[in-house]
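Have a look at model_36.pdb; it's PDB, C-alpha atoms, pLDDT in the B column:
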ATOM      1  CA  MET S 816      20.293  59.175  -7.086  1.00 77.00           C
ATOM      2  CA  ILE S 817      21.758  62.651  -6.589  1.00 83.00           C
ATOM      3  CA  VAL S 818      24.844  64.618  -7.626  1.00 85.00           C
ATOM      4  CA  CYS S 819      26.582  66.777  -5.022  1.00 86.00           C
ATOM      5  CA  PRO S 820      25.814  70.436  -5.856  1.00 85.00           C
ATOM      6  CA  LYS S 821      28.992  71.589  -4.075  1.00 85.00           C
ATOM      7  CA  CYS S 822      31.697  69.578  -5.862  1.00 84.00           C
ATOM      8  CA  ARG S 823      29.585  68.449  -8.871  1.00 80.00           C
ATOM      9  CA  GLN S 824      31.955  65.492  -9.156  1.00 81.00           C
ATOM     10  CA  HIS S 825      30.162  62.678  -7.366  1.00 80.00           C
ATOM     11  CA  ALA S 826      26.869  60.906  -7.966  1.00 84.00           C
ATOM     12  CA  GLN S 827      25.617  58.838  -5.072  1.00 84.00           C
ATOM     13  CA  ILE S 828      22.743  56.583  -4.178  1.00 83.00           C
ATOM     14  CA  ILE S 829      20.718  57.794  -1.227  1.00 82.00           C
ATOM     15  CA  GLU S 830      17.888  56.358   0.830  1.00 80.00           C
ATOM     16  CA  THR S 831      14.564  58.143   1.022  1.00 78.00           C
ATOM     17  CA  GLY S 832      13.548  59.573   4.368  1.00 79.00           C
ATOM     18  CA  LYS S 833      16.893  61.084   5.401  1.00 81.00           C
ATOM     19  CA  LYS S 834      16.889  64.843   5.997  1.00 84.00           C
ATOM     20  CA  THR S 835      20.617  65.379   5.523  1.00 88.00           C
ATOM     21  CA  LEU S 836      23.514  63.467   4.061  1.00 85.00           C
ATOM     22  CA  LYS S 837      27.225  63.918   3.515  1.00 87.00           C
ATOM     23  CA  CYS S 838      28.847  63.933   0.073  1.00 85.00           C
ATOM     24  CA  GLN S 839      31.109  60.898  -0.187  1.00 81.00           C
ATOM     25  CA  ASN S 840      33.590  62.910  -2.276  1.00 81.00           C
ATOM     26  CA  CYS S 841      33.931  66.391  -0.720  1.00 85.00           C
ATOM     27  CA  GLY S 842      32.267  65.819   2.664  1.00 85.00           C
ATOM     28  CA  ALA S 843      29.735  68.649   2.259  1.00 87.00           C
ATOM     29  CA  LEU S 844      26.601  68.382   4.414  1.00 89.00           C
ATOM     30  CA  LEU S 845      23.582  68.430   2.091  1.00 87.00           C
ATOM     31  CA  GLN S 846      19.869  68.877   2.781  1.00 87.00           C
ATOM     32  CA  THR S 847      18.032  66.211   0.804  1.00 82.00           C
ATOM     33  CA  ARG S 848      14.901  68.304   0.179  1.00 82.00           C
ATOM     34  CA  LYS S 849      17.012  70.791  -1.828  1.00 83.00           C
ATOM     35  CA  LEU S 850      18.695  68.177  -4.039  1.00 83.00           C
ATOM     36  CA  ARG S 851      17.725  67.251  -7.596  1.00 82.00           C
ATOM     37  CA  VAL S 852      16.835  63.566  -7.882  1.00 82.00           C
ATOM     38  CA  PHE S 853      18.216  62.129 -11.119  1.00 80.00           C
ATOM     39  CA  HIS S 854      16.839  58.623 -10.726  1.00 79.00           C
ATOM     40  CA  PHE S 855      14.605  56.682  -8.371  1.00 79.00           C
ATOM     41  CA  SER S 856      14.420  52.905  -8.144  1.00 81.00           C
ATOM     42  CA  GLU S 857      13.659  50.278  -5.543  1.00 80.00           C
ATOM     43  CA  ASP S 858      16.147  47.921  -7.249  1.00 83.00           C
ATOM     44  CA  LEU S 859      19.724  48.428  -5.997  1.00 82.00           C
ATOM     45  CA  GLU S 860      21.280  46.886  -9.111  1.00 84.00           C
ATOM     46  CA  ASP S 861      19.342  49.284 -11.342  1.00 83.00           C
ATOM     47  CA  SER S 862      20.432  52.220  -9.176  1.00 83.00           C
ATOM     48  CA  VAL S 863      24.085  51.120  -9.237  1.00 85.00           C
ATOM     49  CA  LEU S 864      23.996  50.817 -13.023  1.00 85.00           C
ATOM     50  CA  PHE S 865      22.446  54.264 -13.411  1.00 85.00           C
ATOM     51  CA  ARG S 866      24.872  55.836 -10.917  1.00 83.00           C
ATOM     52  CA  THR S 867      27.838  54.277 -12.723  1.00 83.00           C
ATOM     53  CA  ARG S 868      26.691  55.681 -16.059  1.00 83.00           C
ATOM     54  CA  LEU S 869      25.961  59.088 -14.510  1.00 82.00           C
ATOM     55  CA  GLN S 870      29.361  59.147 -12.802  1.00 82.00           C
ATOM     56  CA  ALA S 871      31.059  58.307 -16.114  1.00 82.00           C
ATOM     57  CA  GLU S 872      29.159  61.139 -17.796  1.00 83.00           C
ATOM     58  CA  ILE S 873      30.140  63.595 -15.030  1.00 80.00           C
ATOM     59  CA  SER S 874      33.804  62.672 -15.295  1.00 78.00           C
ATOM     60  CA  GLY S 875      33.669  63.140 -19.073  1.00 74.00           C
ATOM     61  CA  LYS S 876      34.508  59.537 -19.878  1.00 65.00           C
ATOM     62  CA  GLY S 877      31.014  58.315 -20.635  1.00 54.00           C
ATOM     63  CA  SER S 878      30.570  59.611 -24.161  1.00 47.00           C
ATOM     64  CA  GLU S 879      33.321  57.469 -25.711  1.00 45.00           C
ATOM     65  CA  ASP S 880      31.480  54.172 -25.222  1.00 44.00           C
ATOM     66  CA  PHE S 881      27.857  55.082 -24.590  1.00 41.00           C
ATOM     67  CA  SER S 882      25.558  58.007 -23.966  1.00 43.00           C
ATOM     68  CA  VAL S 883      23.426  58.491 -20.895  1.00 45.00           C
ATOM     69  CA  ASN S 884      19.727  58.795 -21.608  1.00 49.00           C
ATOM     70  CA  PHE S 885      17.754  59.828 -18.575  1.00 47.00           C
ATOM     71  CA  PRO S 886      14.594  57.704 -18.660  1.00 48.00           C
ATOM     72  CA  SER S 887      11.296  59.434 -18.090  1.00 46.00           C
ATOM     73  CA  THR S 888       9.871  56.512 -16.116  1.00 45.00           C
ATOM     74  CA  GLU S 889      11.469  54.603 -13.313  1.00 46.00           C
ATOM     75  CA  SER S 890      10.483  51.192 -14.648  1.00 46.00           C
ATOM     76  CA  GLU S 891      12.228  51.651 -18.016  1.00 46.00           C
ATOM     77  CA  PRO S 892      15.380  49.498 -18.252  1.00 46.00           C
ATOM     78  CA  LEU S 893      18.683  51.291 -18.888  1.00 45.00           C
ATOM     79  CA  ILE S 894      20.459  48.588 -20.905  1.00 46.00           C
ATOM     80  CA  PRO S 895      18.942  45.710 -22.811  1.00 45.00           C
ATOM     81  CA  GLU S 896      20.065  42.461 -21.271  1.00 47.00           C
ATOM     82  CA  VAL S 897      22.812  40.871 -23.349  1.00 45.00           C
ATOM     83  CA  LYS S 898      23.959  37.293 -22.948  1.00 48.00           C
ATOM     84  CA  THR S 899      27.728  37.015 -23.102  1.00 47.00           C
ATOM     85  CA  PRO S 900      29.588  33.775 -23.633  1.00 51.00           C
ATOM     86  CA  ILE S 901      31.257  32.421 -20.519  1.00 50.00           C
ATOM     87  CA  LYS S 902      34.991  31.946 -20.820  1.00 49.00           C
ATOM     88  CA  GLU S 903      36.893  29.293 -18.952  1.00 52.00           C
ATOM     89  CA  LEU S 904      39.342  30.718 -16.455  1.00 50.00           C
ATOM     90  CA  GLU S 905      42.776  29.287 -17.058  1.00 52.00           C
ATOM     91  CA  LEU S 906      44.689  28.851 -13.835  1.00 49.00           C
ATOM     92  CA  PRO S 907      48.444  29.125 -14.088  1.00 48.00           C
ATOM     93  CA  GLU S 908      50.582  26.187 -13.064  1.00 49.00           C
ATOM     94  CA  LYS S 909      51.804  26.317  -9.489  1.00 45.00           C
ATOM     95  CA  ASN S 910      55.112  28.058  -9.623  1.00 44.00           C
ATOM     96  CA  ASN S 911      56.128  29.505  -6.285  1.00 41.00           C
ATOM     97  CA  SER S 912      58.488  32.067  -7.852  1.00 38.00           C
ATOM     98  CA  SER S 913      55.717  33.701  -9.942  1.00 40.00           C
ATOM     99  CA  PHE S 914      52.931  33.362  -7.360  1.00 44.00           C
ATOM    100  CA  LEU S 915      52.937  36.531  -5.282  1.00 45.00           C
ATOM    101  CA  PRO S 916      51.119  36.713  -1.961  1.00 48.00           C
ATOM    102  CA  ALA S 917      48.260  39.184  -1.701  1.00 44.00           C
ATOM    103  CA  THR S 918      49.244  42.552  -0.305  1.00 51.00           C
ATOM    104  CA  LYS S 919      47.367  44.143   2.539  1.00 67.00           C
ATOM    105  CA  ASN S 920      44.919  45.894   0.214  1.00 85.00           C
ATOM    106  CA  PRO S 921      43.680  43.768  -2.726  1.00 86.00           C
ATOM    107  CA  LYS S 922      41.486  46.681  -3.888  1.00 88.00           C
ATOM    108  CA  LEU S 923      44.651  48.618  -4.710  1.00 88.00           C
ATOM    109  CA  ILE S 924      46.000  45.612  -6.598  1.00 88.00           C
ATOM    110  CA  LEU S 925      42.929  45.569  -8.879  1.00 89.00           C
ATOM    111  CA  LEU S 926      43.145  49.320  -9.468  1.00 89.00           C
ATOM    112  CA  LYS S 927      46.881  49.027 -10.220  1.00 89.00           C
ATOM    113  CA  ILE S 928      46.233  46.217 -12.741  1.00 89.00           C
ATOM    114  CA  LEU S 929      43.604  48.392 -14.438  1.00 90.00           C
ATOM    115  CA  LYS S 930      45.929  51.407 -14.564  1.00 90.00           C
ATOM    116  CA  THR S 931      48.755  49.360 -16.107  1.00 91.00           C
ATOM    117  CA  THR S 932      46.411  48.165 -18.871  1.00 90.00           C
ATOM    118  CA  GLY S 933      45.305  51.682 -19.781  1.00 90.00           C
ATOM    119  CA  GLY S 934      42.192  51.749 -17.589  1.00 89.00           C
ATOM    120  CA  LYS S 935      40.198  49.226 -19.668  1.00 91.00           C
ATOM    121  CA  ILE S 936      40.309  45.422 -19.464  1.00 92.00           C
ATOM    122  CA  GLU S 937      38.120  42.371 -19.934  1.00 92.00           C
ATOM    123  CA  LYS S 938      36.736  40.988 -16.686  1.00 92.00           C
ATOM    124  CA  GLU S 939      38.247  37.531 -17.268  1.00 92.00           C
ATOM    125  CA  GLU S 940      41.698  38.994 -17.964  1.00 92.00           C
ATOM    126  CA  LEU S 941      41.469  41.154 -14.818  1.00 91.00           C
ATOM    127  CA  GLN S 942      40.442  38.084 -12.811  1.00 92.00           C
ATOM    128  CA  GLN S 943      43.367  36.085 -14.220  1.00 93.00           C
ATOM    129  CA  LYS S 944      45.876  38.829 -13.365  1.00 91.00           C
ATOM    130  CA  ALA S 945      44.370  39.232  -9.887  1.00 90.00           C
ATOM    131  CA  PHE S 946      44.729  35.480  -9.305  1.00 91.00           C
ATOM    132  CA  GLU S 947      48.374  35.719 -10.322  1.00 90.00           C
ATOM    133  CA  LYS S 948      48.795  38.433  -7.690  1.00 87.00           C
ATOM    134  CA  GLY S 949      47.343  36.136  -5.022  1.00 88.00           C
ATOM    135  CA  ILE S 950      43.705  37.261  -4.885  1.00 90.00           C
ATOM    136  CA  THR S 951      41.178  34.431  -4.553  1.00 90.00           C
ATOM    137  CA  GLN S 952      38.133  34.255  -6.807  1.00 91.00           C
ATOM    138  CA  GLU S 953      35.735  35.009  -3.921  1.00 92.00           C
ATOM    139  CA  LYS S 954      37.797  38.031  -2.856  1.00 91.00           C
ATOM    140  CA  PHE S 955      38.011  39.214  -6.485  1.00 91.00           C
ATOM    141  CA  GLU S 956      34.226  39.046  -6.942  1.00 91.00           C
ATOM    142  CA  THR S 957      33.632  40.871  -3.637  1.00 92.00           C
ATOM    143  CA  ILE S 958      36.117  43.649  -4.400  1.00 91.00           C
ATOM    144  CA  LEU S 959      34.931  44.075  -7.992  1.00 90.00           C
ATOM    145  CA  LYS S 960      31.298  44.295  -6.890  1.00 90.00           C
ATOM    146  CA  ASN S 961      32.271  46.868  -4.247  1.00 88.00           C
ATOM    147  CA  LEU S 962      34.251  48.984  -6.750  1.00 88.00           C
ATOM    148  CA  LEU S 963      31.359  48.909  -9.233  1.00 88.00           C
ATOM    149  CA  GLU S 964      28.835  49.856  -6.532  1.00 87.00           C
ATOM    150  CA  THR S 965      30.953  52.748  -5.250  1.00 86.00           C
ATOM    151  CA  GLY S 966      31.401  54.084  -8.772  1.00 86.00           C
ATOM    152  CA  GLU S 967      35.189  53.779  -8.934  1.00 87.00           C
ATOM    153  CA  LEU S 968      34.803  51.340 -11.835  1.00 89.00           C
ATOM    154  CA  TYR S 969      32.111  50.899 -14.452  1.00 89.00           C
ATOM    155  CA  SER S 970      31.209  48.481 -17.179  1.00 87.00           C
ATOM    156  CA  PRO S 971      30.652  50.247 -20.532  1.00 88.00           C
ATOM    157  CA  GLN S 972      29.950  46.904 -22.217  1.00 88.00           C
ATOM    158  CA  PRO S 973      29.211  43.452 -20.811  1.00 89.00           C
ATOM    159  CA  GLY S 974      32.469  41.791 -19.791  1.00 89.00           C
ATOM    160  CA  ILE S 975      34.546  45.025 -19.971  1.00 91.00           C
ATOM    161  CA  ILE S 976      35.704  46.924 -16.872  1.00 91.00           C
ATOM    162  CA  LYS S 977      36.953  50.541 -16.940  1.00 90.00           C
ATOM    163  CA  ILE S 978      38.208  53.063 -14.391  1.00 88.00           C
ATOM    164  CA  VAL S 979      35.988  56.119 -13.974  1.00 82.00           C
TER     165      VAL S 979
END

Go through the file and emit its structure as structure tokens.
Amino acid sequence: MIVCPKCRQHAQIIETGKKTLKCQNCGALLQTRKLRVFHFSEDLEDSVLFRTRLQAEISGKGSEDFSVNFPSTESEPLIPEVKTPIKELELPEKNNSSFLPATKNPKLILLKILKTTGGKIEKEELQQKAFEKGITQEKFETILKNLLETGELYSPQPGIIKIV
């Protein structure tokens, strides 16, 4: 896990063994041996979680819901596992006038839904609104996972999704 020293705006997960890499935000070519490593883990999910928290801290939005503590050991968990109750997803009745077909880019639909709700929404509510816009559950899960992994969204609490 590194932060681009040129733009200082983007944390990204990198693989070991590469000599150079390109910042996903500004496009700067970086030499990996000169970069500060903020976190190392063999577990992708752990790395994604850490990168999301680091990205939130960089953007200045992390301190309102949580603080980032940089662990001294790689095996130390970042968040205690919390069991959240599972909510039933209520599907709206089939009404062709309210059911809108999915646009060409469902990722933009999810981001637009988040922006209209103030940037913070429960996962179930986001899923419901995405379904109303014509996004299937499988597509929703895929897009949400992708947005969380790329750091465009993060989860400050279990079941809550926010824009970085």

Q: Please provide the set of residues having any atom within 10 Å of Leu963 of chain S, restricted to all atoms listed in the file, with same-chain residues fewer than 6 positions apart removed, written as a list in words.
A: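 Contacts, with the query itself left out: Val863, Leu864, Arg866, Thr867, Tyr969, Ser970, Ile976, Lys977, Ile978 and Val979 of chain S.
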
Q: Enumerate, as number ranges by chain, the residues matched when the PyMOL selection byres ((chain S and resi 825-839) around 8) is run on the file above.
A: S: 816-819, 822-824, 840-848, 862-863, 866, 869-870, 873

(Q) Please compute the atom CA of Ile924 of chain S-atom CA of Ala945 of chain S distance, one decimal, in Å. (A)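 Atom-to-atom, atom CA of Ile924 of chain S and atom CA of Ala945 of chain S are spaced 7.4 Å apart.
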
Q: Just the residues within 12 Å of segment 928-935 of chain S, please, counting all atoms listed in the file, with nothing from its chain fewer than 6 positions along; format it as a list in words.
A: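 Final neighbour list, sorted by chain and number: Lys876, Asp880, Pro921, Lys922, Leu941, Gln942, Gln943, Lys944, Ala945, Phe946, Glu947, Lys948, Leu959, Glu967, Leu968, Tyr969, Ser970, Pro971, Gln972, Gly974, Ile975, Ile976, Lys977, Ile978 and Val979 of chain S.
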
Q: Name the closest residue to Leu925 of chain S among the candidates S:Glu964, S:Glu939, S:Ile958, S:Phe865; distances are taken between atoms, counting all atoms listed in the file.
A: S:Ile958
